[in-house]
Amino acid sequence: MTRRAGRSLLQLPGPTNVPDAVLRALAEPTLDHRGVVFEGIARSVIADVGEVFGTTSPVAIFPASGTGGWEAALVNTLSPGDRVLTCETGFFAAAWTRVAKALGLIVDVIQTDWRRPVDPAAIADALRADIARSIRAVLIVHNETSTGTTSDVAAIRAAMDGARHPALLLVDTVSSLGAMPVEHDAWRVDVTVSASQKGLMLPPGLALLAISQTARTAKLSATLPRSYWDWDPMLAAAGTGAFPYTPASNMIVGLRTSLDLLAAEGMGNVFARHRRHGAMARAAVEHWGLTLLCADPAARSEAVTAVLLPEGIADTAVRRGLLDNFGVTIGGGLGLLKDRCLRIGHLGDVDDLMIISTLAALELELPRHGVDLAPGGVQAAMAVVAAHGMVTAAS
Ligand SMILES: Cc1ncc(COP(=O)(O)O)c(C=O)c1O
């Protein structure tokens, strides 16, 4: 293979780009995980990561991917045969359901066509119909990465309150944390699950869980078997910096740098940047005349934009062309959407020009696959940047 000059762009909706400063932190010599230096870093990370979750509660950090976080949320709060309610917004909501079933839980599923967010009224109806109050938890994916759709967690919480139902609220924020507001405390979420490889700008390897007092109380009577996933010894690390087993210590050192980068940019600016990038991607797609997968304009994600491909055009071929011709990697369709959509990731350590480059690569590549698009989508995305005003050296 001949060499491709220039930089490659990882525009997946996770794993995302890892900033150079984080890569340098990850490359630091591994520390004694039972030594004072590491324990000090771990305590500071656990103390500060709560801000990204919008919580003052301690956060448990497991060496795991997001799927491990799902399992931890379930085994610490539920018992075999418990009923849970979920809404199948897409591939990841369906995958969490599979985990729940594998653990022996009974799952009531509210179906969608994978093109819209959770309907809070449907949650309220299902909970009101549960006269016996046997549903123990509601499982929600905040940002459905497979469809580019964001659900309104505050509205879901309000619907649960309206139904006067005591179920726990467990929320997956794997692809929203660090990219869009997550308010564990204000939304009164019981367990907020996330992972390192998206808005936190790290490689895969950490599962993070913010846990309410209600969830901790639920654990007292929850009998699903747990050992590795027991969150109590993990929560103890907030005070001691000592983990029950070997933590992913370089990742925790890297997380220190990620948190510092987020704080230096300011969370408000981080969220505004993600909003702008979502608007840029949508402006280009709509200008091209292609269809956004998420059918509800108000629910279109600020972290990932999914685009339906015209019939007969396979996402794998388009993605391969983007990689070979431009060094750009974007996501494809998952599950029911396999070969039917492209997913442009715009979360993590991304700037305006990276989004413009990605959109330019798409505008050049798609016609080669027979996609008939109106040229000028990149211009439409640039107009979004211009409308947001430019940051000048003087400002
Ligand atoms: C919303 C969401 N939840 C859960 C997961 C599963 O996480 P992991 O692949 O880290 O196990 C993903 C992965 O992309 C995701 O996007």
# chains A, B, ... in the order shown; residues from 1 in each chain; ligands from 1

$ residues_near_ligand --ligand "ligand 1" --cutoff "8 Å" --atoms "only C-alpha atoms and all ligand atoms" --output "JSON, numbers by chain"
{"A": [13, 14, 15, 64, 65, 66, 67, 68, 69, 70, 92, 93, 95, 96, 141, 142, 143, 144, 145, 146, 172, 173, 174, 175, 176, 194, 195, 196, 197, 204, 205, 207]}

$ residues_around --residues "Leu292 (chain A)" --least-positions-apart "6" --cutoff "12 Å" --atoms "only C-alpha atoms" --output "PyMOL selection string"
chain A and resi 115-116+147-149+278+281-286+299-301+304-310+340-344

$ write_last_selection --atoms "C-alpha atoms" --output "compact mmCIF listing (two decimals), in the first residue's frame"
# COMPACT_ATOMS: atom_id res chain seq x y z
CA ARG A 115 -36.17 7.01 14.36
CA ARG A 116 -37.41 8.82 17.43
CA THR A 147 -29.67 6.57 15.41
CA GLY A 148 -28.44 10.02 16.43
CA THR A 149 -31.43 10.58 18.70
CA GLY A 278 -24.51 18.98 15.23
CA ALA A 281 -23.67 18.22 10.07
CA ARG A 282 -27.44 18.57 9.77
CA ALA A 283 -27.13 21.67 7.57
CA ALA A 284 -24.92 19.76 5.13
CA VAL A 285 -27.09 16.64 5.06
CA GLU A 286 -30.29 18.61 4.55
CA ALA A 299 -34.39 15.16 19.32
CA ARG A 300 -31.51 15.24 16.82
CA SER A 301 -28.29 14.52 18.61
CA VAL A 304 -23.77 12.06 16.24
CA THR A 305 -25.74 12.57 13.06
CA ALA A 306 -27.17 9.50 11.33
CA VAL A 307 -28.03 9.80 7.65
CA LEU A 308 -30.26 7.33 5.78
CA LEU A 309 -28.69 6.12 2.55
CA PRO A 310 -30.77 5.83 -0.61
CA ARG A 340 -28.76 1.56 5.63
CA CYS A 341 -27.13 4.57 7.22
CA LEU A 342 -23.97 6.52 7.87
CA ARG A 343 -23.18 8.00 11.27
CA ILE A 344 -21.07 11.13 11.46

$ residues_around --residues "Arg164 (chain A)" --least-positions-apart "5" --cutoff "9 Å" --atoms "only C-alpha atoms" --output "list in words"
Leu127, Arg128 and Ala159 of chain A

$ write_last_selection --atoms "N, CA, C and O atoms" --output "mmCIF file, in the first residue's frame"
data_model
loop_
_atom_site.group_PDB
_atom_site.id
_atom_site.type_symbol
_atom_site.label_atom_id
_atom_site.label_comp_id
_atom_site.auth_asym_id
_atom_site.auth_seq_id
_atom_site.Cartn_x
_atom_site.Cartn_y
_atom_site.Cartn_z
ATOM 1 N N LEU A 127 -46.241 2.682 33.251
ATOM 2 C CA LEU A 127 -46.101 2.655 34.717
ATOM 3 C C LEU A 127 -47.472 2.722 35.399
ATOM 4 O O LEU A 127 -47.701 2.052 36.408
ATOM 5 N N ARG A 128 -48.376 3.517 34.831
ATOM 6 C CA ARG A 128 -49.731 3.592 35.419
ATOM 7 C C ARG A 128 -50.431 2.239 35.316
ATOM 8 O O ARG A 128 -51.188 1.846 36.199
ATOM 9 N N ALA A 159 -42.474 12.229 33.930
ATOM 10 C CA ALA A 159 -43.543 11.263 33.611
ATOM 11 C C ALA A 159 -43.620 10.188 34.689
ATOM 12 O O ALA A 159 -44.711 9.765 35.094
#

$ closest_residue --among "A:Pro58, A:Gly241, A:Asp130, A:Ser212" --to "Gly35 (chain A)" --atoms "only C-alpha atoms"
A:Gly241

$ residues_around --residues "Ile252 (chain A)" --least-positions-apart "3" --cutoff "8 Å" --atoms "only C-alpha atoms" --output "PyMOL selection string"
chain A and resi 41-42+45+248-249+255-256

$ residues_around --residues "Gly178 (chain A)" --least-positions-apart "5" --cutoff "12 Å" --atoms "only C-alpha atoms" --output "NGL selection string"
:A and (16 or 49-54 or 143 or 173 or 183 or 194-202 or 255 or 258-259 or 261-263 or 265-274 or 302-303 or 347-349)

$ residues_around --residues "Arg7 (chain A)" --least-positions-apart "2" --cutoff "8 Å" --atoms "only C-alpha atoms" --output "PyMOL selection string"
chain A and resi 5+9+327

$ select_by_dssp --residues "region 115-301 of chain A" --states "strand (DSSP E or B)" --output "ChimeraX atom specification"
/A:135-141,143-144,149-150,168-172,191-195,206-211,291-292,300

$ residues_around --residues "Glu71 (chain A)" --least-positions-apart "5" --cutoff "9 Å" --atoms "only C-alpha atoms" --output "compact mmCIF listing (two decimals) with N, CA and C atoms, in the first residue's frame"
# COMPACT_ATOMS: atom_id res chain seq x y z
N GLY A 66 -18.52 0.25 28.27
CA GLY A 66 -19.85 0.69 28.70
C GLY A 66 -20.77 -0.48 29.02
N ASN A 76 -26.39 -4.35 40.83
CA ASN A 76 -26.34 -3.72 42.14
C ASN A 76 -27.71 -3.25 42.64
N TRP A 96 -28.86 -3.28 25.70
CA TRP A 96 -28.99 -3.23 27.17
C TRP A 96 -30.11 -4.20 27.60
N VAL A 99 -28.73 -7.64 27.82
CA VAL A 99 -27.96 -7.84 29.05
C VAL A 99 -28.93 -8.11 30.21
N ALA A 100 -29.99 -7.31 30.28
CA ALA A 100 -30.95 -7.47 31.38
C ALA A 100 -31.57 -8.87 31.34
N LEU A 103 -29.36 -11.61 32.52
CA LEU A 103 -29.18 -11.62 33.97
C LEU A 103 -30.41 -12.16 34.70
N TRP A 229 -18.53 -6.63 39.83
CA TRP A 229 -19.33 -5.42 39.60
C TRP A 229 -19.89 -4.79 40.87

$ closest_residue --among "A:Thr150, A:Asn250, A:Thr192, A:Ser357" --to "Ala27 (chain A)" --atoms "only C-alpha atoms"
A:Asn250

$ atom_distance --atom1 "CA of Gly333 (chain A)" --atom2 "CA of Pro297 (chain A)"
20.0 Å

$ atom_distance --atom1 "CA of Leu235 (chain A)" --atom2 "CA of His184 (chain A)"
16.4 Å

$ closest_atom_pairs --of "region 84-131 of chain A" --to "region 153-157 of chain A" --cutoff "10 Å" --atoms "only C-alpha atoms" --output "CSV"
residue,atom,partner,partner_atom,distance
A:Val118,CA,A:Ile156,CA,8.0
A:Asp119,CA,A:Ile156,CA,7.8
A:Pro120,CA,A:Ile156,CA,4.8
A:Ala121,CA,A:Ile156,CA,8.1
A:Ala122,CA,A:Ile156,CA,9.4
A:Ile123,CA,A:Ile156,CA,7.2
A:Ala124,CA,A:Ile156,CA,8.1

$ select_by_dssp --residues "region 137-217 of chain A" --states "alpha helix (DSSP H)" --output "PyMOL selection string"
chain A and resi 153-162+213-217

$ write_last_selection --atoms "N, CA, C and O atoms" --output "short mmCIF file (atom, residue, chain, number, x, y, z; two decimals), in the first residue's frame"
data_model
loop_
_atom_site.label_atom_id
_atom_site.label_comp_id
_atom_site.auth_asym_id
_atom_site.auth_seq_id
_atom_site.Cartn_x
_atom_site.Cartn_y
_atom_site.Cartn_z
N VAL A 153 -34.41 13.23 29.32
CA VAL A 153 -34.43 12.48 30.58
C VAL A 153 -35.27 13.22 31.63
O VAL A 153 -36.01 12.59 32.40
N ALA A 154 -35.18 14.55 31.65
CA ALA A 154 -35.97 15.30 32.65
C ALA A 154 -37.46 15.03 32.44
O ALA A 154 -38.22 14.86 33.41
N ALA A 155 -37.88 14.99 31.17
CA ALA A 155 -39.31 14.75 30.89
C ALA A 155 -39.70 13.32 31.27
O ALA A 155 -40.83 13.08 31.73
N ILE A 156 -38.78 12.39 31.10
CA ILE A 156 -39.07 11.00 31.48
C ILE A 156 -39.21 10.90 33.01
O ILE A 156 -40.11 10.26 33.54
N ARG A 157 -38.30 11.58 33.71
CA ARG A 157 -38.40 11.61 35.18
C ARG A 157 -39.74 12.21 35.62
O ARG A 157 -40.43 11.69 36.50
N ALA A 158 -40.14 13.30 34.93
CA ALA A 158 -41.41 13.95 35.28
C ALA A 158 -42.57 12.99 35.02
O ALA A 158 -43.54 12.94 35.80
N ALA A 159 -42.47 12.23 33.93
CA ALA A 159 -43.54 11.26 33.61
C ALA A 159 -43.62 10.19 34.69
O ALA A 159 -44.71 9.76 35.09
N MET A 160 -42.46 9.75 35.18
CA MET A 160 -42.44 8.74 36.24
C MET A 160 -43.07 9.31 37.52
O MET A 160 -43.85 8.63 38.19
N ASP A 161 -42.72 10.56 37.81
CA ASP A 161 -43.30 11.21 39.00
C ASP A 161 -44.81 11.33 38.85
O ASP A 161 -45.57 11.07 39.79
N GLY A 162 -45.22 11.72 37.61
CA GLY A 162 -46.66 11.89 37.34
C GLY A 162 -47.42 10.59 37.55
O GLY A 162 -48.57 10.60 38.00
N GLN A 213 -28.51 8.01 46.19
CA GLN A 213 -28.72 7.37 47.50
C GLN A 213 -29.83 6.32 47.40
O GLN A 213 -29.74 5.26 48.02
N THR A 214 -30.86 6.62 46.59
CA THR A 214 -31.95 5.65 46.42
C THR A 214 -31.42 4.34 45.84
O THR A 214 -31.82 3.24 46.25
N ALA A 215 -30.52 4.47 44.86
CA ALA A 215 -29.95 3.26 44.26
C ALA A 215 -29.10 2.50 45.27
O ALA A 215 -29.10 1.26 45.30
N ARG A 216 -28.39 3.25 46.10
CA ARG A 216 -27.56 2.58 47.11
C ARG A 216 -28.44 1.85 48.13
O ARG A 216 -28.11 0.76 48.60
N THR A 217 -29.56 2.45 48.41
CA THR A 217 -30.50 1.78 49.33
C THR A 217 -31.10 0.54 48.67
O THR A 217 -31.24 -0.52 49.30
#
